[in-house]
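Source file: work-v1.pdb (PDB, C-alpha atoms)
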ATOM      1  CA  MET A  42       0.000   0.000   0.000
ATOM      2  CA  SER A  43       1.203   3.490  -0.831
ATOM      3  CA  TYR A  44       0.523   6.627   1.202
ATOM      4  CA  SER A  45       0.926  10.254   0.196
ATOM      5  CA  ALA A  46       0.758  13.717   1.684
ATOM      6  CA  THR A  47       1.581  17.273   0.680
ATOM      7  CA  MET A  48       3.459  19.754   2.817
ATOM      8  CA  GLU A  49       4.165  23.408   2.190
ATOM      9  CA  SER A  50       7.776  24.564   2.257
ATOM     10  CA  PRO A  51       9.806  27.684   1.482
ATOM     11  CA  ILE A  52      10.432  26.266  -2.023
ATOM     12  CA  GLY A  53       6.795  25.391  -2.701
ATOM     13  CA  PRO A  54       4.663  22.310  -2.123
ATOM     14  CA  LEU A  55       6.366  18.964  -1.547
ATOM     15  CA  LEU A  56       4.647  15.669  -2.337
ATOM     16  CA  LEU A  57       5.777  12.873  -0.034
ATOM     17  CA  THR A  58       4.991   9.205  -0.650
ATOM     18  CA  CYS A  59       5.821   6.102   1.343
ATOM     19  CA  ASN A  60       4.934   2.480   1.853
ATOM     20  CA  ASP A  61       5.140   0.524   5.094
ATOM     21  CA  SER A  62       8.914   0.039   4.591
ATOM     22  CA  GLY A  63       9.999   3.631   4.035
ATOM     23  CA  LEU A  64       9.843   6.854   2.071
ATOM     24  CA  THR A  65       9.541   6.197  -1.668
ATOM     25  CA  SER A  66       9.537   9.729  -3.094
ATOM     26  CA  LEU A  67       9.670  13.456  -2.474
ATOM     27  CA  GLN A  68       8.635  15.589  -5.429
ATOM     28  CA  MET A  69       8.955  19.347  -5.506
ATOM     29  CA  GLY A  70       6.096  21.436  -6.853
ATOM     30  CA  ALA A  71       3.577  18.579  -6.714
ATOM     31  CA  ARG A  72       0.562  17.851  -4.536
ATOM     32  CA  ALA A  73      -1.164  14.659  -3.448
ATOM     33  CA  GLU A  74      -4.457  13.980  -5.203
ATOM     34  CA  HIS A  75      -5.674  11.863  -2.295
ATOM     35  CA  GLU A  76      -3.949  12.242   1.050
ATOM     36  CA  GLN A  77      -3.463   9.013   2.991
ATOM     37  CA  ASP A  78      -1.419   9.826   6.063
ATOM     38  CA  HIS A  79       1.075   7.417   7.614
ATOM     39  CA  PRO A  80       3.456   7.714  10.616
ATOM     40  CA  LEU A  81       6.446   7.745   8.221
ATOM     41  CA  LEU A  82       4.978  10.729   6.388
ATOM     42  CA  GLN A  83       4.462  12.538   9.689
ATOM     43  CA  GLN A  84       8.089  11.821  10.603
ATOM     44  CA  ALA A  85       9.291  13.024   7.180
ATOM     45  CA  ARG A  86       7.273  16.256   7.465
ATOM     46  CA  ARG A  87       8.673  16.902  10.939
ATOM     47  CA  GLN A  88      12.270  16.340   9.787
ATOM     48  CA  LEU A  89      11.770  18.517   6.686
ATOM     49  CA  GLU A  90      10.268  21.302   8.823
ATOM     50  CA  GLU A  91      13.367  21.113  11.050
ATOM     51  CA  TYR A  92      15.617  21.169   7.963
ATOM     52  CA  PHE A  93      13.879  24.257   6.556
ATOM     53  CA  ALA A  94      14.066  25.934   9.990
ATOM     54  CA  GLY A  95      17.845  25.375   9.992
ATOM     55  CA  GLU A  96      17.634  22.933  12.911
ATOM     56  CA  ARG A  97      18.433  19.663  11.064
ATOM     57  CA  THR A  98      21.445  18.794   8.916
ATOM     58  CA  GLU A  99      20.817  15.040   8.477
ATOM     59  CA  PHE A 100      17.713  12.984   7.846
ATOM     60  CA  THR A 101      17.052   9.748   9.715
ATOM     61  CA  LEU A 102      14.262   8.222   7.688
ATOM     62  CA  PRO A 103      13.983   4.757   6.174
ATOM     63  CA  LEU A 104      14.307   5.208   2.404
ATOM     64  CA  VAL A 105      13.191   2.750  -0.284
ATOM     65  CA  PRO A 106      13.848   4.435  -3.632
ATOM     66  CA  GLN A 107      13.210   2.314  -6.710
ATOM     67  CA  GLY A 108      16.059   2.259  -9.227
ATOM     68  CA  THR A 109      18.813   0.257 -10.832
ATOM     69  CA  GLU A 110      21.792  -0.979  -8.857
ATOM     70  CA  PHE A 111      23.910   1.844 -10.316
ATOM     71  CA  GLN A 112      21.282   4.484  -9.488
ATOM     72  CA  ARG A 113      20.999   3.233  -5.908
ATOM     73  CA  ALA A 114      24.820   3.330  -5.585
ATOM     74  CA  VAL A 115      24.829   6.946  -6.784
ATOM     75  CA  TRP A 116      21.992   7.882  -4.429
ATOM     76  CA  GLN A 117      23.873   6.294  -1.543
ATOM     77  CA  GLN A 118      26.886   8.470  -2.408
ATOM     78  CA  LEU A 119      24.679  11.561  -2.536
ATOM     79  CA  CYS A 120      23.672  10.872   1.061
ATOM     80  CA  ALA A 121      27.371  10.849   1.987
ATOM     81  CA  ILE A 122      27.901  14.448   0.798
ATOM     82  CA  PRO A 123      27.947  16.476   4.021
ATOM     83  CA  PHE A 124      25.436  19.230   4.721
ATOM     84  CA  ALA A 125      26.421  22.555   3.105
ATOM     85  CA  GLU A 126      29.086  20.884   0.943
ATOM     86  CA  THR A 127      29.044  19.977  -2.738
ATOM     87  CA  ALA A 128      30.620  17.388  -5.013
ATOM     88  CA  SER A 129      31.040  17.324  -8.780
ATOM     89  CA  TYR A 130      29.490  14.683 -10.999
ATOM     90  CA  GLY A 131      33.024  13.378 -11.624
ATOM     91  CA  GLN A 132      33.738  13.101  -7.904
ATOM     92  CA  VAL A 133      30.539  11.109  -7.366
ATOM     93  CA  ALA A 134      31.430   8.889 -10.347
ATOM     94  CA  ALA A 135      34.832   8.153  -8.785
ATOM     95  CA  ARG A 136      33.186   7.356  -5.447
ATOM     96  CA  VAL A 137      30.953   4.722  -7.073
ATOM     97  CA  GLY A 138      33.991   3.174  -8.756
ATOM     98  CA  ARG A 139      33.160   4.455 -12.258
ATOM     99  CA  PRO A 140      35.416   7.513 -12.701
ATOM    100  CA  LYS A 141      34.513   7.987 -16.389
ATOM    101  CA  ALA A 142      30.755   7.790 -15.756
ATOM    102  CA  SER A 143      29.999  11.405 -14.843
ATOM    103  CA  ARG A 144      27.201  11.579 -17.454
ATOM    104  CA  ALA A 145      25.638   8.404 -16.051
ATOM    105  CA  VAL A 146      25.911   9.935 -12.580
ATOM    106  CA  GLY A 147      24.096  12.991 -13.930
ATOM    107  CA  ALA A 148      21.315  10.774 -15.268
ATOM    108  CA  ALA A 149      21.060   8.876 -11.958
ATOM    109  CA  ASN A 150      21.060  12.187 -10.102
ATOM    110  CA  GLY A 151      18.189  13.377 -12.297
ATOM    111  CA  ALA A 152      16.270  10.160 -11.607
ATOM    112  CA  ASN A 153      16.571  10.547  -7.822
ATOM    113  CA  PRO A 154      13.015  10.023  -6.540
ATOM    114  CA  ILE A 155      13.647  11.427  -3.043
ATOM    115  CA  ALA A 156      14.842  15.000  -3.588
ATOM    116  CA  ILE A 157      16.282  17.037  -0.687
ATOM    117  CA  ILE A 158      16.509  14.006   1.643
ATOM    118  CA  VAL A 159      18.757  12.282  -0.912
ATOM    119  CA  PRO A 160      20.602  15.550  -1.574
ATOM    120  CA  CYS A 161      20.995  15.639  -5.351
ATOM    121  CA  HIS A 162      21.080  19.447  -5.070
ATOM    122  CA  ARG A 163      24.610  19.118  -3.648
ATOM    123  CA  VAL A 164      26.012  17.869  -6.982
ATOM    124  CA  ILE A 165      27.430  20.600  -9.198
ATOM    125  CA  GLY A 166      29.490  20.933 -12.352
ATOM    126  CA  ALA A 167      33.261  20.415 -12.195
ATOM    127  CA  ASN A 168      33.706  24.178 -12.697
ATOM    128  CA  GLY A 169      31.408  24.946  -9.742
ATOM    129  CA  SER A 170      28.388  25.798 -11.884
ATOM    130  CA  LEU A 171      24.874  24.850 -10.900
ATOM    131  CA  THR A 172      23.778  22.417 -13.565
ATOM    132  CA  GLY A 173      20.547  20.513 -14.093
ATOM    133  CA  PHE A 174      18.097  20.023 -11.288
ATOM    134  CA  GLY A 175      14.654  18.462 -11.585
ATOM    135  CA  GLY A 176      13.210  21.023  -9.200
ATOM    136  CA  GLY A 177      14.675  23.925 -11.183
ATOM    137  CA  LEU A 178      17.930  25.795 -10.715
ATOM    138  CA  GLN A 179      16.274  28.447  -8.507
ATOM    139  CA  ARG A 180      15.318  25.764  -5.973
ATOM    140  CA  LYS A 181      18.808  24.215  -6.185
ATOM    141  CA  GLN A 182      20.385  27.601  -5.505
ATOM    142  CA  TRP A 183      17.948  28.234  -2.628
ATOM    143  CA  LEU A 184      18.748  24.850  -1.005
ATOM    144  CA  LEU A 185      22.520  25.338  -1.289
ATOM    145  CA  GLN A 186      22.309  28.893   0.097
ATOM    146  CA  HIS A 187      20.022  27.714   2.922
ATOM    147  CA  GLU A 188      22.554  25.050   3.896
ATOM    148  CA  ARG A 189      25.472  27.500   3.798
ATOM    149  CA  GLU A 190      23.552  29.910   6.033
ATOM    150  CA  HIS A 191      22.726  27.188   8.573
ATOM    151  CA  ASP A 192      26.024  25.317   8.550
ATOM    152  CA  ARG A 193      27.412  24.884  12.034
ATOM    153  CA  PRO A 194      31.198  24.620  12.413
TER     154      PRO A 194
END

Representation of the structure as structure tokens:
Amino acid sequence: MSYSATMESPIGPLLLTCNDSGLTSLQMGARAEHEQDHPLLQQARRQLEEYFAGERTEFTLPLVPQGTEFQRAVWQQLCAIPFAETASYGQVAARVGRPKASRAVGAANGANPIAIIVPCHRVIGANGSLTGFGGGLQRKQWLLQHEREHDRP
């Protein structure tokens, strides 16, 4: 069974979905057609509210994103990028053992179903440019600036 809920955020509505095992997606700019609440969704909303308030730098939610083995490896590496830091597509490719696969990393990054919590916004171009982001470059810039402003030494 799948459950969904919408929450408002500083970057617009967020659509959260889960099953009994964990969070399955977070989509920016979308809303649930039929809300079916679940304790995991309540926990996700609470942690996201803390993140947006600058009180949380890590998420502790069970995640069950659907993807290929390579995509899941990339998403796992995204979660290893510390709060308020960035990595290039090439750096992520090297970390998954495929140093020449930066384009494939970009595709996996774009397919990330759990935005923000699996921090695909922290991946940037090798020259430091903000490149591609499913939620739009304005949201990516907002998230990176938010993290820089709330980074604790």

Contacts of segment 75-81 of chain A at 9 Å or less, counting only C-alpha atoms, minus same-chain residues fewer than 3 places along, as a PyMOL selection string?
-> chain A and resi 43-47+59-64+72+84-86+102-103

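By chain and then residue number, the residues within 9 Å of Arg180 of chain A are Ile52, His162 and Phe174 of chain A, counting only C-alpha atoms and disregarding those fewer than 6 positions away in sequence.
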
So what do you get for atom CA of Gln68 of chain A versus atom CA of Gly95 of chain A, distance-wise?
->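 Atom CA of Gly95 of chain A lies at a distance of 20.5 Å from atom CA of Gln68 of chain A.
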
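Atom CA of Ser66 of chain A to atom CA of Ile155 of chain A spans 4.4 Å [interatomic distance, one decimal].
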
Of the candidates A:Leu82, A:Ile165, A:Ala134, A:Leu104, which one gets nearest to Asn153 of chain A if we count all atoms listed in the file?
-> A:Leu104

Generate the coordinates of N, CA, C and O atoms for segment 178-189 of chain A; report them as a PDB file, in the frame of the given file.
ATOM      1  N   LEU A 178      16.680  25.247 -11.259  1.00  0.00           N
ATOM      2  CA  LEU A 178      17.930  25.795 -10.715  1.00  0.00           C
ATOM      3  C   LEU A 178      17.697  26.802  -9.593  1.00  0.00           C
ATOM      4  O   LEU A 178      18.520  26.927  -8.693  1.00  0.00           O
ATOM      5  N   GLN A 179      16.549  27.504  -9.605  1.00  0.00           N
ATOM      6  CA  GLN A 179      16.274  28.447  -8.507  1.00  0.00           C
ATOM      7  C   GLN A 179      16.131  27.701  -7.183  1.00  0.00           C
ATOM      8  O   GLN A 179      16.631  28.153  -6.156  1.00  0.00           O
ATOM      9  N   ARG A 180      15.449  26.548  -7.209  1.00  0.00           N
ATOM     10  CA  ARG A 180      15.318  25.764  -5.973  1.00  0.00           C
ATOM     11  C   ARG A 180      16.672  25.208  -5.534  1.00  0.00           C
ATOM     12  O   ARG A 180      16.990  25.182  -4.345  1.00  0.00           O
ATOM     13  N   LYS A 181      17.479  24.738  -6.509  1.00  0.00           N
ATOM     14  CA  LYS A 181      18.808  24.215  -6.185  1.00  0.00           C
ATOM     15  C   LYS A 181      19.634  25.300  -5.503  1.00  0.00           C
ATOM     16  O   LYS A 181      20.246  25.059  -4.460  1.00  0.00           O
ATOM     17  N   GLN A 182      19.630  26.489  -6.079  1.00  0.00           N
ATOM     18  CA  GLN A 182      20.385  27.601  -5.505  1.00  0.00           C
ATOM     19  C   GLN A 182      19.857  27.934  -4.109  1.00  0.00           C
ATOM     20  O   GLN A 182      20.637  28.186  -3.192  1.00  0.00           O
ATOM     21  N   TRP A 183      18.540  27.932  -3.932  1.00  0.00           N
ATOM     22  CA  TRP A 183      17.948  28.234  -2.628  1.00  0.00           C
ATOM     23  C   TRP A 183      18.413  27.209  -1.588  1.00  0.00           C
ATOM     24  O   TRP A 183      18.808  27.570  -0.475  1.00  0.00           O
ATOM     25  N   LEU A 184      18.366  25.912  -1.945  1.00  0.00           N
ATOM     26  CA  LEU A 184      18.748  24.850  -1.005  1.00  0.00           C
ATOM     27  C   LEU A 184      20.222  24.971  -0.616  1.00  0.00           C
ATOM     28  O   LEU A 184      20.573  24.853   0.566  1.00  0.00           O
ATOM     29  N   LEU A 185      21.088  25.206  -1.592  1.00  0.00           N
ATOM     30  CA  LEU A 185      22.520  25.338  -1.289  1.00  0.00           C
ATOM     31  C   LEU A 185      22.788  26.563  -0.416  1.00  0.00           C
ATOM     32  O   LEU A 185      23.558  26.491   0.546  1.00  0.00           O
ATOM     33  N   GLN A 186      22.140  27.678  -0.711  1.00  0.00           N
ATOM     34  CA  GLN A 186      22.309  28.893   0.097  1.00  0.00           C
ATOM     35  C   GLN A 186      21.765  28.677   1.512  1.00  0.00           C
ATOM     36  O   GLN A 186      22.395  29.079   2.489  1.00  0.00           O
ATOM     37  N   HIS A 187      20.623  28.023   1.616  1.00  0.00           N
ATOM     38  CA  HIS A 187      20.022  27.714   2.922  1.00  0.00           C
ATOM     39  C   HIS A 187      21.005  26.894   3.766  1.00  0.00           C
ATOM     40  O   HIS A 187      21.203  27.176   4.952  1.00  0.00           O
ATOM     41  N   GLU A 188      21.619  25.895   3.147  1.00  0.00           N
ATOM     42  CA  GLU A 188      22.554  25.050   3.896  1.00  0.00           C
ATOM     43  C   GLU A 188      23.797  25.828   4.311  1.00  0.00           C
ATOM     44  O   GLU A 188      24.282  25.675   5.438  1.00  0.00           O
ATOM     45  N   ARG A 189      24.303  26.680   3.432  1.00  0.00           N
ATOM     46  CA  ARG A 189      25.472  27.500   3.798  1.00  0.00           C
ATOM     47  C   ARG A 189      25.147  28.417   4.977  1.00  0.00           C
ATOM     48  O   ARG A 189      25.948  28.602   5.883  1.00  0.00           O
TER      49      ARG A 189
END
